[in-house]
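Have a look at the structure below before the remarks.
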Amino acid sequence: MEDEINDDECDNYIDDYDENEINDEIENDESKQKSNNNKLEDFEIIPNSEIIKKRDVVINNFIECSNLNYDDAELVLVNYNWNYDKLIEEWFDNMEKIKISSHIEQSEESKKKIEEFILNNNISKDTCPVCYTEIEKNNSLSLKCNHQICKECYVEYIKNKIIENPIALLQTPCPMNGCNLYITRTIFKQCITELKYKIIFAKSLIRNFLVTNKEIKTCPNPKCNLSIRVQNSIPKEIKCKCGQIFCFSCLEESHIPCDCILAQEWKNFGIKFGSEDYVWIRKAGEKEEFTWTNSFVKKCPSCSLIIEKNQGCNHMTCISCGCQFCWNCLSLWKNHKYCYGKNPNNLMFPKQIAKKKNNYIPGKSNKNKENKDKLTPYERYMKYYKKWYNHFKNLEISDKINKRLSELKNDLIENKKFLESDLDFLDETMKTIIDSSRVLKYIIIFEYFLKEDNEELEELIDNDLEILQNQVDSLLELIELNLPNIIKINDKDIFKKQFLEYKDHILTLINSTEKFKNNLVNEIENNLCQYIDYDTIKKLKQNYSIYEKTSYDKVKIIKHKNF
C-alpha cells in the first residue's frame, strides 16, 4: 500500500518523471480508486484527484487577489492553515507582516543572524555554507534569499526532512544557518528524483491541506494515501480500504465502545500509575523484594514452571508436565468454565444476561459492599490493567498468528490444490479475532471508569466479556491447533470431509461472534454510558498519584510500558 497514489496526482506535483515507471510501481490508479469508491452510510472514501482540485482552486483564487506567484501563495496559505477567508480579511492591511510570518520574505532578525554566521565562519560567496566546499558552476540552488548551496547538500537536506516530518514539508527552512525562508515547491521538484520521495512529497501536500478540515481526514496509516469524508454525523469507527480501523475524531486506534475521553484518560492514568512490566516494592518492616507484574509470564499451576504466552489462545499446555490450564484464571482446562465474573458456577448466556439487564436497578449495590476493603486507586488500576494487558498482548501476537496462517494457506494451495479464494474464510476468521480482541480491550477500560458502586453492572459486563472471550478462544484454537492437524491428513476423502466440517464450524462461529460483539457494543454505547463517572475522572486527573494511599513505602518504576 505504500506506493498507492496514481500518476495523474503525482504529475500535478512532480515534473520530469517517467510515467511508465510510476505506472509500474503504483498499483492503485485513478480508475481503480473511482471504481472502488464505495459510499457507506456514515462516510465515503474519496479519490485524491478531488482533493488536489480543491486545493489548487484555493491557491489560484489567492493568486488572483495577491499577485503572488504559485510557490509563495501556497506557503502563505499553509501558514494560515488553509483558512482562506481569514487570510483575505487580513492580507491587505498586514501584507508585509504576513509575508514575513509566512516565511516568503526575510526578516531583519534573520538577516542579522546570517551576517553573524558568515562573519564567524569566514564563508565566501563561492563557498557552500553547509559543507564549506567551493561551489561548482551550475551546481547550486537557492531561494529568493540567494543563498547558494551545492545541489548535493540540498538534496541530502531535503531527503532527511522527508524522512523526519513528511507532513510539514512545506515548512522546511532554507539550509542556510539563520535564514527564515521556507523551501518552495519548485526547489523540492528540482531535488526529488527518486520515485519513493516523489510519492511521499505528493502525499504530504494532500495531508497538509486536510490537516484542519473537519469533514475530510486522511487515513492515519502512513502507508495509505486514501481520505475519508464524513456524511452527516461523525462516525465512531472508520474502516479504510487499507485495513486500518480508526476513530475519525482523534485518528487513534478504534476504541469503541469507549469515547475519546475514556481512551485518552486510560493512557494518562497508565503513565501516572506506572503500569509497567517490572516494579520494585518495599513494604514497611520488610526487605526490598522484586515483583514481576508482567501478565504474560506466569507459573504452571501444576509444576510451577515459568511460562511465557506466545500465542493468542488461552488454552495452555505446559511443556514440562503436560498440564492443560486457562491462562487467565489458571484453572484446569477440563474444569474451566469462567474467568471474568464473580460467580464461576453461574455462567450466564445471552438471553439470561438480557433478562437480568432488563431487571437491573441503577445504583443498587451489593449488601456486603460496605464490609469489603476498598481498593486503593493504584490497586484498582492494576486490577483492570492486568485484564486489559492480556488483550493488548493478544493483539500484538495476532501478527505472529497471521504469519503462521499465511504459511498454512500456502500449504493448502500448493499441496492440497486449493484456490486462494477458497480460503478467504480464514482471513475473515483472523479479522473477527482481531476486531473482537480490540473491543474486549476497550470494554475493560469502559468498565474501569464505571461508578464504583455498580457491582451488579460490572458483573453483567464481566459475563458478557467471558462469552466474547470464549468465542475468540474457540476461533484461535481452530486456527492454531485444529487447522494444522487437518492439513496433516493424507487420505483425500477423510481430508475433504473434515475440512468441509471445519469450514462450516468456523463460519458458524464467526457469525455468532460478530453478532454477539455488535450487540454488546450497541448495548454499552446506547444504554450503559450513563453510568460512567466523568466527575470522578476530572478529580482523578488532578489528584491521582502512584504514591497516593498505597500500602507501600516505595514504588520504583524501572521499565516503562508503552500503550
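We name chains A, B, ... following the order of the C-alpha cells; residues begin at 1 in each chain, and ligands are numbered from 1 as shown.
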
Report task. List every residue of stretch 97-268 of chain A that DSSP, applied to the backbone of this structure, assigns to helix (DSSP H, G or I), and report them as a count of residues only. Result -> 71

Query - Contacts of A:Leu507 within 10 Å, only C-alpha atoms, excl. fewer than 5 positions in-chain, as a PyMOL selection string - result: chain A and resi 425-426+428-429+475+502+512-513

Just to be explicit: take each residue in the selection above, keep all heavy atoms, and write the result as an mmCIF file, in the first residue's frame.
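Once everything was written out, this is out-v6.cif:
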```cif
data_model
loop_
_atom_site.group_PDB
_atom_site.id
_atom_site.type_symbol
_atom_site.label_atom_id
_atom_site.label_comp_id
_atom_site.auth_asym_id
_atom_site.auth_seq_id
_atom_site.Cartn_x
_atom_site.Cartn_y
_atom_site.Cartn_z
ATOM 1 N N PHE A 425 -12.247 -17.446 3.968
ATOM 2 C CA PHE A 425 -12.895 -17.539 5.279
ATOM 3 C C PHE A 425 -11.869 -17.550 6.417
ATOM 4 O O PHE A 425 -12.173 -17.151 7.542
ATOM 5 C CB PHE A 425 -13.786 -18.785 5.356
ATOM 6 C CG PHE A 425 -13.045 -20.081 5.496
ATOM 7 C CD1 PHE A 425 -12.870 -20.665 6.742
ATOM 8 C CD2 PHE A 425 -12.539 -20.724 4.374
ATOM 9 C CE1 PHE A 425 -12.199 -21.867 6.876
ATOM 10 C CE2 PHE A 425 -11.868 -21.930 4.498
ATOM 11 C CZ PHE A 425 -11.689 -22.502 5.750
ATOM 12 N N LEU A 426 -10.632 -17.977 6.118
ATOM 13 C CA LEU A 426 -9.579 -17.961 7.138
ATOM 14 C C LEU A 426 -9.157 -16.524 7.449
ATOM 15 O O LEU A 426 -8.915 -16.176 8.613
ATOM 16 C CB LEU A 426 -8.375 -18.785 6.673
ATOM 17 C CG LEU A 426 -8.623 -20.285 6.519
ATOM 18 C CD1 LEU A 426 -7.404 -20.978 5.931
ATOM 19 C CD2 LEU A 426 -8.989 -20.922 7.858
ATOM 20 N N GLU A 428 -11.153 -13.990 7.117
ATOM 21 C CA GLU A 428 -12.298 -13.448 7.835
ATOM 22 C C GLU A 428 -12.248 -13.858 9.304
ATOM 23 O O GLU A 428 -12.635 -13.098 10.192
ATOM 24 C CB GLU A 428 -13.594 -13.952 7.190
ATOM 25 C CG GLU A 428 -14.851 -13.315 7.731
ATOM 26 C CD GLU A 428 -14.949 -11.837 7.423
ATOM 27 O OE1 GLU A 428 -14.318 -11.373 6.446
ATOM 28 O OE2 GLU A 428 -15.650 -11.129 8.164
ATOM 29 N N THR A 429 -11.737 -15.063 9.553
ATOM 30 C CA THR A 429 -11.587 -15.534 10.936
ATOM 31 C C THR A 429 -10.620 -14.650 11.703
ATOM 32 O O THR A 429 -10.899 -14.224 12.833
ATOM 33 C CB THR A 429 -11.073 -16.986 10.954
ATOM 34 O OG1 THR A 429 -11.935 -17.813 10.187
ATOM 35 C CG2 THR A 429 -11.010 -17.524 12.382
ATOM 36 N N LEU A 475 -12.157 -19.597 18.227
ATOM 37 C CA LEU A 475 -11.649 -19.295 16.893
ATOM 38 C C LEU A 475 -10.133 -19.456 16.833
ATOM 39 O O LEU A 475 -9.587 -19.975 15.851
ATOM 40 C CB LEU A 475 -12.040 -17.868 16.499
ATOM 41 C CG LEU A 475 -13.517 -17.632 16.157
ATOM 42 C CD1 LEU A 475 -13.800 -16.148 15.983
ATOM 43 C CD2 LEU A 475 -13.906 -18.388 14.895
ATOM 44 N N TYR A 502 -14.886 -28.492 9.128
ATOM 45 C CA TYR A 502 -14.104 -27.420 9.775
ATOM 46 C C TYR A 502 -14.566 -26.058 9.272
ATOM 47 O O TYR A 502 -14.782 -25.131 10.058
ATOM 48 C CB TYR A 502 -12.627 -27.645 9.470
ATOM 49 C CG TYR A 502 -11.709 -26.519 9.900
ATOM 50 C CD1 TYR A 502 -11.253 -26.423 11.208
ATOM 51 C CD2 TYR A 502 -11.286 -25.556 8.985
ATOM 52 C CE1 TYR A 502 -10.404 -25.403 11.603
ATOM 53 C CE2 TYR A 502 -10.440 -24.526 9.368
ATOM 54 C CZ TYR A 502 -10.003 -24.458 10.674
ATOM 55 O OH TYR A 502 -9.169 -23.443 11.061
ATOM 56 N N SER A 512 -21.737 -16.039 14.828
ATOM 57 C CA SER A 512 -22.230 -15.857 16.195
ATOM 58 C C SER A 512 -21.358 -14.872 16.974
ATOM 59 O O SER A 512 -21.870 -14.073 17.771
ATOM 60 C CB SER A 512 -22.282 -17.195 16.922
ATOM 61 O OG SER A 512 -20.991 -17.765 17.052
ATOM 62 N N THR A 513 -20.044 -14.895 16.732
ATOM 63 C CA THR A 513 -19.121 -13.980 17.423
ATOM 64 C C THR A 513 -19.380 -12.536 17.003
ATOM 65 O O THR A 513 -19.453 -11.634 17.842
ATOM 66 C CB THR A 513 -17.664 -14.355 17.131
ATOM 67 O OG1 THR A 513 -17.422 -15.702 17.534
ATOM 68 C CG2 THR A 513 -16.706 -13.445 17.888
#
```

Counting only C-alpha atoms, give me one row per residue of stretch 173-234 of chain A with an atom at most 12 Å from an atom of stretch 88-100 of chain A, showing the shortest contact pair and its distance in Å to one decimal, sorted by chain then residue number, as a Markdown table.
```
| residue | atom | partner | partner_atom | distance |
| --- | --- | --- | --- | --- |
| A:Cys179 | CA | A:Ile100 | CA | 11.5 |
| A:Asn180 | CA | A:Ile100 | CA | 8.4 |
| A:Leu181 | CA | A:Ile100 | CA | 8.4 |
| A:Tyr182 | CA | A:Ile100 | CA | 10.4 |
```

Closest atom pairs, stretch 130-234 of chain A residues within 12 Å of stretch 102-108 of chain A, only C-alpha atoms, as a tab-separated table:
```
residue	atom	partner	partner_atom	distance
A:Leu143	CA	A:Ile104	CA	9.4
A:Lys144	CA	A:Glu105	CA	8.2
A:Cys145	CA	A:Gln106	CA	7.3
A:Asn146	CA	A:Gln106	CA	11.1
A:His147	CA	A:Gln106	CA	11.9
A:Leu170	CA	A:His103	CA	10.3
A:Gln171	CA	A:His103	CA	8.6
A:Thr172	CA	A:His103	CA	9.8
A:Pro173	CA	A:His103	CA	8.3
A:Cys174	CA	A:His103	CA	9.8
A:Gly178	CA	A:Gln106	CA	10.2
A:Cys179	CA	A:Gln106	CA	7.3
A:Asn180	CA	A:His103	CA	5.9
A:Leu181	CA	A:His103	CA	4.5
A:Tyr182	CA	A:His103	CA	5.5
A:Ile183	CA	A:Ile104	CA	8.9
A:Thr184	CA	A:Ile104	CA	8.9
```

Those same residues, written as a tab-separated table (two decimals), in the first residue's frame with C-alpha atoms?
```tsv
chain	number	residue	atom	x	y	z
A	143	LEU	CA	15.65	30.61	-2.86
A	144	LYS	CA	14.96	34.34	-3.31
A	145	CYS	CA	17.38	34.89	-0.42
A	146	ASN	CA	20.11	33.96	-2.93
A	147	HIS	CA	21.97	31.68	-0.52
A	170	LEU	CA	6.29	23.00	3.07
A	171	GLN	CA	7.52	24.35	6.39
A	172	THR	CA	11.13	23.34	5.79
A	173	PRO	CA	13.57	26.27	6.29
A	174	CYS	CA	16.40	27.18	3.95
A	178	GLY	CA	19.67	31.63	10.40
A	179	CYS	CA	17.61	32.02	7.22
A	180	ASN	CA	13.87	32.17	7.85
A	181	LEU	CA	12.65	31.47	4.29
A	182	TYR	CA	10.84	28.19	3.63
A	183	ILE	CA	11.80	25.92	0.75
A	184	THR	CA	9.33	26.20	-2.12
```

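For the residues A:Lys387, A:Ile494, A:Glu44, A:Leu450, ranking by smallest atom-to-atom distance to A:Gln469 using only C-alpha atoms places A:Lys387 first.
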
Query raised in the report: If we count only C-alpha atoms, what is near A:Ile479 at a cut-off of 9 Å, once residues fewer than 2 positions away on the same chain are taken out, given as number ranges by chain?
Result: A: 401, 405, 426, 429-430, 474-477, 481-484

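If you measure from each of A:Ala168, A:Ser140, A:Lys416, A:Lys159 to A:Lys496 using only C-alpha atoms, the closest one turns out to be A:Lys416.
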
Within 12 Å of A:Val58, counting only C-alpha atoms, which residues show up once you throw out same-chain ones fewer than 2 positions away? Write them as an mmCIF file with C-alpha atoms, in the first residue's frame, please.
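File out.cif, as written:
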```cif
data_model
loop_
_atom_site.group_PDB
_atom_site.id
_atom_site.type_symbol
_atom_site.label_atom_id
_atom_site.label_comp_id
_atom_site.auth_asym_id
_atom_site.auth_seq_id
_atom_site.Cartn_x
_atom_site.Cartn_y
_atom_site.Cartn_z
ATOM 1 C CA ILE A 51 -8.711 16.864 -3.024
ATOM 2 C CA ILE A 52 -5.999 18.115 -5.400
ATOM 3 C CA LYS A 53 -8.514 20.069 -7.480
ATOM 4 C CA LYS A 54 -9.999 21.699 -4.392
ATOM 5 C CA ARG A 55 -6.517 22.616 -3.144
ATOM 6 C CA ASP A 56 -5.500 24.179 -6.461
ATOM 7 C CA ASN A 60 -5.348 30.101 -7.694
ATOM 8 C CA ASN A 61 -8.050 32.224 -6.054
ATOM 9 C CA PHE A 62 -5.484 33.695 -3.687
ATOM 10 C CA ILE A 63 -3.032 34.337 -6.533
ATOM 11 C CA GLU A 64 -5.664 36.498 -8.245
ATOM 12 C CA CYS A 65 -6.098 38.590 -5.102
ATOM 13 C CA TYR A 70 2.228 29.961 -7.068
ATOM 14 C CA ALA A 73 0.814 31.842 -2.416
ATOM 15 C CA GLU A 74 0.991 28.193 -1.390
ATOM 16 C CA VAL A 76 1.086 31.778 2.795
ATOM 17 C CA LEU A 77 -1.976 29.506 2.747
ATOM 18 C CA VAL A 78 -0.038 26.797 4.611
ATOM 19 C CA ASN A 81 -3.846 26.530 7.800
ATOM 20 C CA TRP A 82 -5.788 26.978 4.548
ATOM 21 C CA ASN A 83 -8.228 29.393 6.179
ATOM 22 C CA TYR A 84 -8.834 31.414 3.021
ATOM 23 C CA ASP A 85 -11.494 33.742 4.453
ATOM 24 C CA LEU A 87 -6.319 35.318 5.112
ATOM 25 C CA ILE A 88 -8.222 37.591 2.720
ATOM 26 C CA PHE A 209 -4.278 20.537 3.066
#
```

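Atom to atom, atom CA of A:Asp399 and atom CA of A:Glu501 stand 26.6 Å apart.
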
Report task. Please indicate the distance in Å from atom CA of A:Ile45 to atom CA of A:Thr218, rounded to one decimal place. Result -> 9.5 Å

Requested in this report: Determine, counting only C-alpha atoms, which protein, DNA and RNA residues have an atom within 7 Å of an atom of A:Tyr442; residues of the same chain fewer than 5 positions away are not included. Present the result as a PyMOL selection string.
Outcome: chain A and resi 255-258

Query raised in the report: What is the atom CA of A:Lys112 to atom CA of A:Thr127 distance in Å?
Result: 19.2 Å
